[in-house]
Structure formats: structure tokens, C-alpha cells
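Colleague: Below you'll find the structure I mean.
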Amino acid sequence: MTTFDTNLTPAELKQEAAQLFLKKRLLSFVLPAAVLAYMAYVFVAFDVAGLWQRASLENARTLVSDSYSYKTHVTRDNRSGAVSVAIEGERKGAYPEGTAPDWVSLGETTVIDLEDGHRVTLGPETIEYVIPGYGTVRATPSRSAGVQAELPAGEVPEWINSSKNRLAITTDAGRLTVTRNRAEVFRYFTGWELFFFTLDSPYYGLGIGELLQRAAGGEAGAILHDVWTNKMWRHQDVAWAIAETLLMAFLGTFGAGLIALPLAFAATRNFMPFAPLRFAMRRLFDFVRGVDSLIWTVVLARAFGPGPLTGALAILVTDTGTFGKIFSEALENVDEKQIEGVASTGAKPAQRYRFGVIPQITPVLLSQLLYFLESNTRSATIIGAITGGGIGLLLTQAIITQKDWEEVAYYITLIILMVMLMDWISGWLRRRLITGETGSAKRKTRAGKAMLLP
Amino acid sequence: MADLTAARPTLDEIREQYTDHTRRKRLYGGILLAVFVAMMVAGFRTADDRNAGSFGEGFTRIFDYPAEVLAEAAEKAAQLPGHVVHFFPALVETLNIAAASTLVGAVVGTLLSMLATRGMAPWPALIPLFRRISDICRAIPEIVIALVLIFVLGGGPVPAMIAIAIHTAGALGKLFSEVNENASLKPVEGLTSVGASWAQRMALGVLPQVGPNYVSYALLRFEINIRASAILGFVGAGGIGYELKNAMSWGQGRYDEAAAIFLLLFVTIVAVDQLSGLLRDRLTHGAKA
């Protein structure tokens with residue numbers, strides 16, 4: 001790069017240095033400018049400006065508020081006059097016939113207390129909503145005339161939506177919708193209702209103290225069973241889904257390691273003297289790695305159908321290529337002296353590999369396997385969403401329905417915890433198995449170069 | 001361990017101790033291996049049970065689908081160049097998602113890493129906080145954020161970009177802070193002594209030292225992000241993955257399109273792999289003079 005030509009005069013040297021500085025200075029302007037120009041191009045190409053118009057703030061609001069709250073529906077069928085109360089309006093969360101939470105008093109006229117003075121009365125003919133600071137809204141639904149609404153005098157505020165066949169009122173306390181066929185009241189609460197027990201469980205609504213008491217009294221099995229078979233939050237299915245995801249990652253990673261290790265020997269210069277096979281092996285690894293896991297997933301899903309096995313195989317195939325490359329690189333860096341030493345004691349080839357080679361590559365091998373185990377937990381979530389297995393599937397299903405955001409929030413929390421736990425376990429195992437230390441020793445040196453970790 | 005006050009152990013005792021030790025080690029190794037094998041077998045059988053199609057059945061059919069696709073693509077080989085041209089913009093979008101998210105992620109990751117490295121952090125008390133932030137960013141699979149953002153922002157490349165950028169920021173934040181730990185702090189001290197601000201200290205004292213490693217990790221991340229953005233397209237985030245999903249759901253008769261997309265994706269990934277491998281090699285080992 002630099003020339004030490006003795007013939008150069010100081011003036012020439014100075015000029016050279018000045019040129020170098022100029023080049024560097026220009027570069028330090030050109031690089032950020034190029035990045036900025038690229039980002040500007042992306043801004044236009046992705047139509048970010050148009051995005052704000054398309055973005056639905058309404059969706060964002062429901063998403064956020066729904067993820068930490070739930071609503072209870074009180075529905076009156078205007079034809080039969082029957083009133084039903086259900087959490088989230090789902091049948092699984094419905095109160096048994098004739099029962100209701102204490103803020104709803106059932107009867108000929110059902111009175112619903114929405115707190116802060118808001119009160120809805122579902123009468124036999126007329127539905128009344130008392131809104132403090134505004135007045136009383138009356139609506140009379142009928143078969144022939146639609147919904148006849150009587151609003152207080154003055155301009156209709158924007159949170160009241162009234163038309164011939166429908167009246168909708170949204171306040172901070174709740175929401176009332178009246179149509180010809182039914183009247184529905186929503187009341188919002190904070191929290192994840194029915195998380196442990198559904199309404200049909202005898203343990204619903206009990207405090208922790210009493211639950212512990214009952215558990216001590218021999219009902220622990222029944223209590224756990226009720227939580228486990230909770231139909232609303234489906235703890236059993238969720239636990240299975242997480243287990244499936246972990247299973248995919250585990251089978252895929254270690255299966256790939258088991259397959260890649262013997263193949264890697266065939267791709268190294270020092271263990272495979274036959275060049276064509278070595279070349280073929282390397283190209284095979286490149287090919288398998290190059291065909292993206294997306295393509296493998298798609299192809300394998302056709303053959304095996306949806307499920308955890310497909311996901312595990314997709315991970316296995318992709319990672320076989322990656323591991324083959326890493327392992328063969330590690331094998332090429334093996335120290336020959338140890339193999340010679342083992343051979344000098346009269347060891348047979350198998351023993352030479354076992355005691356001369358394997359101990360040398362074990363640290364690299366294990367640390368890579370464990371790195372990938374963690375990252376494949378994440379991949380398994382994504383692949384599960386495509387092939388249909390594990391927590392990824394549950395998550396996509398919950399998002400597609402666009403209403404169970406509390407479940408989405410629950411799954412996301414579980415996924416993050418799962419990945420962090422795997423990260424922690426893999427780090428702990430790496431420290432335990434590779435450096436053999438039990439304490440939380442500072443790891444300054446890393447085994448091998450982790451240049452392929454995703 | 002060794003009892004110094006006791007009499008010198010005889011050779012037999014030493015041998016016995018040694019064989020004992022070896023035996024115990026072998027036993028542990030054997031147990032570990034047995035547990036591992038049992039877990040693999042049990043895991044495989046569970047996965048097989050819970051899968052729609054069984055392994056034995058599906059195994060024979062692995063190549064059916066690729067064969068069908070290839071046969072149809074070969075039949076309509078003349079249209080292949082046309083399809084490649086047709087889907088090229090989608091590929092560019094996928095690449096753009098990957099590149100933009102890598103850039104954004106690298107910038108955020110740089111900041112996170114500097115805030116989380118001892119000796120460089122402006123607020124040393126907050127180091128654990130920034131570490132946790134990058135841990136959490138790293139732990140979130142891209143698909144989670146992408147799906148939620150698609151609901152809010154509508155389908156398109158931006159949700160995918162944000163999702164990948166968040167994960168990239170976390171992953172690079174961790175890798176960068178490992179690089180930072182090996183950087184010399186002397187230039188930083190020198191700059192402090194002449195009154196440089198934190199930003200100046202980082203830009204002039206740290207970045208030149210860690211730059212090549214940063215770029216090398218970022219390139220690696222770019223490779224990974226291309227794959228990620230192709231996958232996210234499959235769940236509705238635009239780009240080549242989305243086209244693939246469409247081509248696939250048309251089923252038979254459109255396999256030539258699927259083949260063109262497979263081809264594009266394969267060539268791109270291999271090309272970027274090779275290119276970035278070369279670049280990374282140069283960055284870490286220096287240019288070969």
C-alpha cells in the first residue's frame with residue numbers, strides 16, 4: 001500500500017499524504033451520503049409516506065387496549081327478550097342461564113350499572129342509557145320501524161352513531177349497540193379474565209388464600225385440572241404448542257449435527273484425499289444452505305403435511321448444510337500431532353478419530369450446536385407459522401381472528417420468555433461443557449469463530 | 001484434594017484412583033449419551049405422532065413436489081426468462097427490506113452496544129438495562145412483530161423491515177458489545193483529555209478500531225436478513241415470499257412461476273453468501289497484497 005521509495009522528495013511525499021487525506025475525507029462524506037441516498041430511495045420504494053394514510057390507528061388502539069383488558073357482553077335478544085351475559089361474547093365465557101355478575105341485575109327490565117353514573121336499562125320495549133353530563137338516550141327497536149332513537153336536544157355528538165336501523169353509543173364507561181334484533185352492552189375491565197378458571201369451574205372467583213386452603217385439603221388435583229383444561233385460554237394446548245416448538249428446534253439442530261458430522265469428514269482436505277468427492281460434498285453443503293429454509297419448508301410441507309415433524313425436518317435439512325461447512329472448517333484446523341500421537345500407541349483408525357480428532361473439535365462443535373439450538377427456537381416459531389405447528393401456529397391463528405389480542409399478548413410473552421430461557425440454557429451449557437467452569441466466569445475467549453451464527 | 005499429611009500413595013493406589021476416575025467419567029458420558037439418544041428417539045416419535053403425515057409415508061414423497069415443479073418448469077422452459085424478469089422487482093423488494101433493516105439495525109445496535117459496554121457507556125449504572133433491552137430485542141422472533149404490525153400498518157414491506165430491524169438491533173448489539181470489549185480504551189481516554197464529547201469519543205476513538213469487525217458482522221446479518229425477509233413475505237409482508245405464496249396457492253399449472261421464484265431466491269442467496277464471504281474475509285484478514 002505505502003511505498004517506501006527513497007527517490008521521493010519531501011514535496012512529493014507531502015503531496016502523496018495530502019492525497020491520501022483527501023481520499024479519506026471524501027470517503028467519510030461519501031459513505032454516509034450513500035447510505036442516506038439509499039434510505040431515501042427505500043423511503044420512496046416502500047411508499048412510507050402513503051403508509052401513514054393506510055395505517056389504521058383504530059386497529060392500533062383496539063390492539064393495545066384489548067391486550068390488557070377484556071369486555072363483558074350483555075346481550076338482549078329483542079325477539080325473545082332473553083338476556084345473556086358472556087365474557088368477550090364467547091360461548092366458552094358465558095354465564096350460566098339466569099346468572100350474571102353483580103353489576104347486572106336481571107329481571108323483566110335488566111339494569112346494567114356501568115359505573116360513574118352510566119346506567120343502561122334494557123326494558124321490555126325501550127332501551128335507556130343514562131349518560132351523565134349529556135342526558136338520557138332512549139331507543140325503541142321494533143320489527144317494522146327499525147330502531148327509533150330519542151336523543152337529548154342539541155347536536156348529536158360524534159360518539160353517538162344513529163341511523164334508521166342501528167344505534168351505537170361509545171363512551172368511556174362502555175358501549176351500547178341497538179339493532180332491530182338485539183341490544184348489546186359492552187363493559188370493559190382491565191386484566192385477563194378467566195385466565196385460571198372458567199365460569200363453569202367451582203373455583204372461579206375464589207381468592208388465593210382459599211384456593212391454597214382447598215388445595216391443602218386434597219383438591220389440588222381438581223384445581224390444577226381446571227386450570228389445565230381451561231377452555232378460554234387453553235393452557236394445555238399452549239403448553240403442547242411450546243413443547244412442539246422446542247421439539248422442532250431440538251430435533252432439527254441435533255439431527256442436523258448428527259448427520260453433518262460424518263459428512264463433514266468427507267469435505268475436508270486432510271481426511272478426504274479423494275478430491276472429486278470432497279468437491280461434491282462441499283457443493284452439496286452449499287446447495288442445501290443456499291436453498292433457503294423457506295423453500296425447504298414449502299417442499300417438505302408438501303410431503304409430510306403440517307405438524308412438528310415437518311418443521312423439525314426443515315430445520316434439520318437447512319442446518320445440515322451450515323453445520324457441514326462449520327464442522328469441515330473446524331476439522332481442517334485440527335492439529336495433526338495429536339492424531340500422530342494416538343497413532344503411535346498403535347491405535348486403529350476408529351480409535352485415532354475418537355481420541356485424536358473428536359476431542360479437538362468438541363468445543364467448536366458443541367458451542368455451535370448450542371448457539372443454533374437457541375436461534376432455531378426462534379426459527380421454529382416462524383416455521384411453525386408456515387407449516388402449521390407449535391406456538392407459531394397458535395399465534396398466527398390468534399392474530400388472524402383480529403379480536404383475541406389478549407391471547408396474542410399472552411403468546412408473545414410466552415415466546416419471548418421461551419427464547420430467553422433457551423438462550424440462558426444454551427449459554428449455561430456452553431460454559432459448563434466447554435470451559436468446564438461452574439461459576440459465572442467471564443467468557444472473554446470464544447471457542448472457535450462464531451461467524452455463521454444466525 | 002490430595003491429602004498431604006498421609007503417607008505417599010502406592011502405585012497401585014494411584015492406578016486404582018485413575019481407573020476409578022476414568023470409569024466414573026465414562027459412566028457419566030454414557031448416561032449423558034443414553035439420555036440424549038432417548039430424548040432424540042422419544043422426540044422423533046412424538047413429532048411423528050403429532051404430524052399430519054408420518055415420516056415413513058412422507059419420506060418417499062419428498063421429491064414428488066420438486067419433481068412436479070421441475071417437470072412443469074422444463075415443459076414451459078421458454079417462459080422461464082419472462083417469469084424471472086416478472087418477479088425481479090419482488091426480489092429487489094426483498095433485498096431492500098433486508099438491506100434497510102440491516103442498516104437501521106446496525107445503527108441502533110451500535111448505539112445499544114456502546115451504551116452497554118463498560119468503559120464506553122455514558123451512564124454506567126444503566127448498562128444492565130441496555131443489555132436487557134438488546135436481549136429482549138434479540139429474543140423476539142421477527143414474525144411476531146411483523147404480524148402485529150401488518151394488522152396495524154397493513155401489508156407491505158415496512159412491517160417486515162421494522163420487525164427485522166428490531167431483531168437485528170438486538171443481535172448486533174450483543175455481537176458489537178463483544179467486539180467493543182476487546183477495543184483499546186486508550187484513544188477514548190486521549191480524546192477525553194482534550195475535552196471531546198461522548199459522541200466524538202465514540203466516533204473518533206472507538207469506531208475506527210471496531211469498524212472492520214462491525215461491518216463484517218453486519219454483512220453476515222445481511223445474509224441472514226435476506227432469508228428472514230423472504231420468509232416474512234410468505235406471511236404477507238411483500239417481496240418474493242409473497243409471490244411464492246401466491247404462485248404456490250395457484251397450484252398445478254403455475255409451477256413454472258414457483259420454479260422461477262425458487263431459482264431467483266437460490267441464486268440470490270448463493271451470490272450474496274459468496275460476495276459477503278469474500279468481503280468478510282478481506283475485512284478480518286486484511287486485503288491480500
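Note on naming: chains are A, B, ... as they come in the C-alpha cells, residues start from 1 per chain, ligands start from 1 in the order shown.
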Counting only C-alpha atoms, which residues of chain A fall within 6 Å of chain B, and what is the closest atom pair for each with its distance in Å at one decimal, ordered by chain and rising number, as a tab-separated table?

Modeller:
residue	atom	partner	partner_atom	distance
A:Ala55	CA	B:Leu153	CA	4.1
A:Ser56	CA	B:Val152	CA	5.5
A:Asn59	CA	B:Val152	CA	5.5
A:Ala60	CA	B:Val152	CA	5.4
A:Gly290	CA	B:Val270	CA	5.4
A:Val291	CA	B:Phe266	CA	5.4
A:Leu294	CA	B:Ile231	CA	5.8
A:Ala303	CA	B:Gly58	CA	4.9
A:Phe304	CA	B:Gly53	CA	4.7
A:Gly305	CA	B:Ala52	CA	5.1
A:Pro306	CA	B:Ala52	CA	5.5
A:Gly307	CA	B:Asn51	CA	4.1
A:Pro308	CA	B:Ala47	CA	5.3
A:Leu309	CA	B:Ala47	CA	4.9
A:Arg378	CA	B:Pro141	CA	5.4
A:Ile416	CA	B:Ala139	CA	5.6
A:Val419	CA	B:Ala139	CA	5.5
A:Met420	CA	B:Ala139	CA	5.9

Colleague: Since we have the selection now, will you write its residues out, keeping C-alpha atoms, as a short mmCIF file (atom, residue, chain, number, x, y, z; two decimals), in the first residue's frame?

Modeller:
data_model
loop_
_atom_site.label_atom_id
_atom_site.label_comp_id
_atom_site.auth_asym_id
_atom_site.auth_seq_id
_atom_site.Cartn_x
_atom_site.Cartn_y
_atom_site.Cartn_z
CA ALA A 55 -52.18 2.72 8.71
CA SER A 56 -55.14 2.14 10.90
CA ASN A 59 -56.62 -1.04 14.83
CA ALA A 60 -53.64 0.02 16.90
CA GLY A 290 -28.49 -21.94 -0.47
CA VAL A 291 -31.94 -23.45 -0.86
CA LEU A 294 -38.36 -21.19 3.34
CA ALA A 303 -44.52 -34.34 1.56
CA PHE A 304 -45.22 -34.59 5.29
CA GLY A 305 -48.21 -32.35 5.83
CA PRO A 306 -48.49 -29.82 8.62
CA GLY A 307 -47.01 -30.60 12.01
CA PRO A 308 -43.91 -30.51 14.13
CA LEU A 309 -42.10 -33.21 12.18
CA ARG A 378 -36.88 -18.68 17.02
CA ILE A 416 -40.08 -14.17 24.38
CA VAL A 419 -36.42 -17.85 23.63
CA MET A 420 -34.72 -16.07 26.52
#

Colleague: Quick one: contact table of stretch 42-150 of chain B to stretch 197-209 of chain B, 12 Å max, nearest atom pair and distance in Å to one decimal per residue, counting only C-alpha atoms, chain and number order, as a tab-separated table?

Modeller:
residue	atom	partner	partner_atom	distance
B:Val107	CA	B:Leu207	CA	11.9
B:Thr110	CA	B:Leu207	CA	9.4
B:Leu111	CA	B:Met202	CA	9.7
B:Ser113	CA	B:Met202	CA	11.2
B:Met114	CA	B:Met202	CA	8.0
B:Leu115	CA	B:Met202	CA	10.5
B:Thr117	CA	B:Val206	CA	11.5
B:Gly119	CA	B:Val206	CA	11.0
B:Met120	CA	B:Met202	CA	7.7
B:Ala121	CA	B:Trp198	CA	8.9
B:Pro122	CA	B:Trp198	CA	7.1
B:Trp123	CA	B:Trp198	CA	10.8

Colleague: Could you dump the residues just selected with C-alpha atoms as a compact mmCIF listing (two decimals), in the first residue's frame?

Modeller:
# COMPACT_ATOMS: atom_id res chain seq x y z
CA VAL B 107 -27.07 1.87 13.70
CA THR B 110 -24.07 0.27 17.58
CA LEU B 111 -25.73 2.67 19.96
CA SER B 113 -23.63 -1.82 22.26
CA MET B 114 -21.83 1.36 23.25
CA LEU B 115 -24.36 2.11 25.92
CA THR B 117 -20.08 -1.67 27.29
CA GLY B 119 -15.72 1.98 29.86
CA MET B 120 -17.71 3.43 26.99
CA ALA B 121 -21.18 3.80 28.46
CA PRO B 122 -22.05 7.38 29.35
CA TRP B 123 -24.30 6.09 32.15

Colleague: Neighbours of A:Trp103 within 12 Å (only C-alpha atoms; same-chain residues fewer than 3 positions away dropped), as number ranges by chain?

Modeller: A: 72, 74, 85, 99-100, 106, 110-115, 118-121, 187

Colleague: Those same residues - N, CA and C atoms - I'd like them written as a compact mmCIF listing (two decimals), in the first residue's frame.

Modeller:
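Result file selection01.txt:
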# COMPACT_ATOMS: atom_id res chain seq x y z
N THR A 72 -67.08 -7.53 28.79
CA THR A 72 -68.17 -8.45 29.06
C THR A 72 -69.38 -8.00 28.25
N VAL A 74 -73.33 -7.95 27.47
CA VAL A 74 -74.67 -8.26 27.94
C VAL A 74 -75.57 -8.11 26.72
N VAL A 85 -75.29 -13.07 29.35
CA VAL A 85 -74.07 -12.36 29.71
C VAL A 85 -72.90 -13.27 29.39
N THR A 99 -77.89 -16.32 35.56
CA THR A 99 -76.92 -15.72 36.48
C THR A 99 -76.20 -14.60 35.75
N ALA A 100 -75.63 -13.70 36.54
CA ALA A 100 -74.93 -12.56 35.95
C ALA A 100 -74.00 -11.98 37.00
N LEU A 106 -80.68 -8.86 36.60
CA LEU A 106 -81.58 -9.43 35.61
C LEU A 106 -83.03 -9.31 36.07
N THR A 110 -83.80 -5.38 32.68
CA THR A 110 -82.44 -5.62 33.14
C THR A 110 -81.73 -4.29 33.31
N VAL A 111 -81.13 -4.10 34.49
CA VAL A 111 -80.41 -2.84 34.72
C VAL A 111 -78.92 -3.14 34.76
N ILE A 112 -78.18 -2.42 33.94
CA ILE A 112 -76.74 -2.64 33.88
C ILE A 112 -76.04 -1.39 34.39
N ASP A 113 -75.25 -1.57 35.42
CA ASP A 113 -74.54 -0.43 36.01
C ASP A 113 -73.15 -0.35 35.39
N LEU A 114 -72.87 0.71 34.65
CA LEU A 114 -71.56 0.85 34.01
C LEU A 114 -70.64 1.75 34.82
N GLU A 115 -71.04 2.08 36.06
CA GLU A 115 -70.23 2.91 36.96
C GLU A 115 -70.15 4.36 36.50
N HIS A 118 -73.12 5.99 34.74
CA HIS A 118 -73.65 5.45 33.49
C HIS A 118 -74.53 4.25 33.80
N ARG A 119 -75.74 4.25 33.25
CA ARG A 119 -76.62 3.13 33.53
C ARG A 119 -77.44 2.79 32.29
N VAL A 120 -77.50 1.52 31.97
CA VAL A 120 -78.30 1.10 30.82
C VAL A 120 -79.45 0.25 31.34
N THR A 121 -80.62 0.54 30.86
CA THR A 121 -81.79 -0.24 31.26
C THR A 121 -82.35 -0.92 30.02
N ARG A 187 -69.05 -3.89 28.62
CA ARG A 187 -68.37 -3.16 29.69
C ARG A 187 -66.94 -3.65 29.75
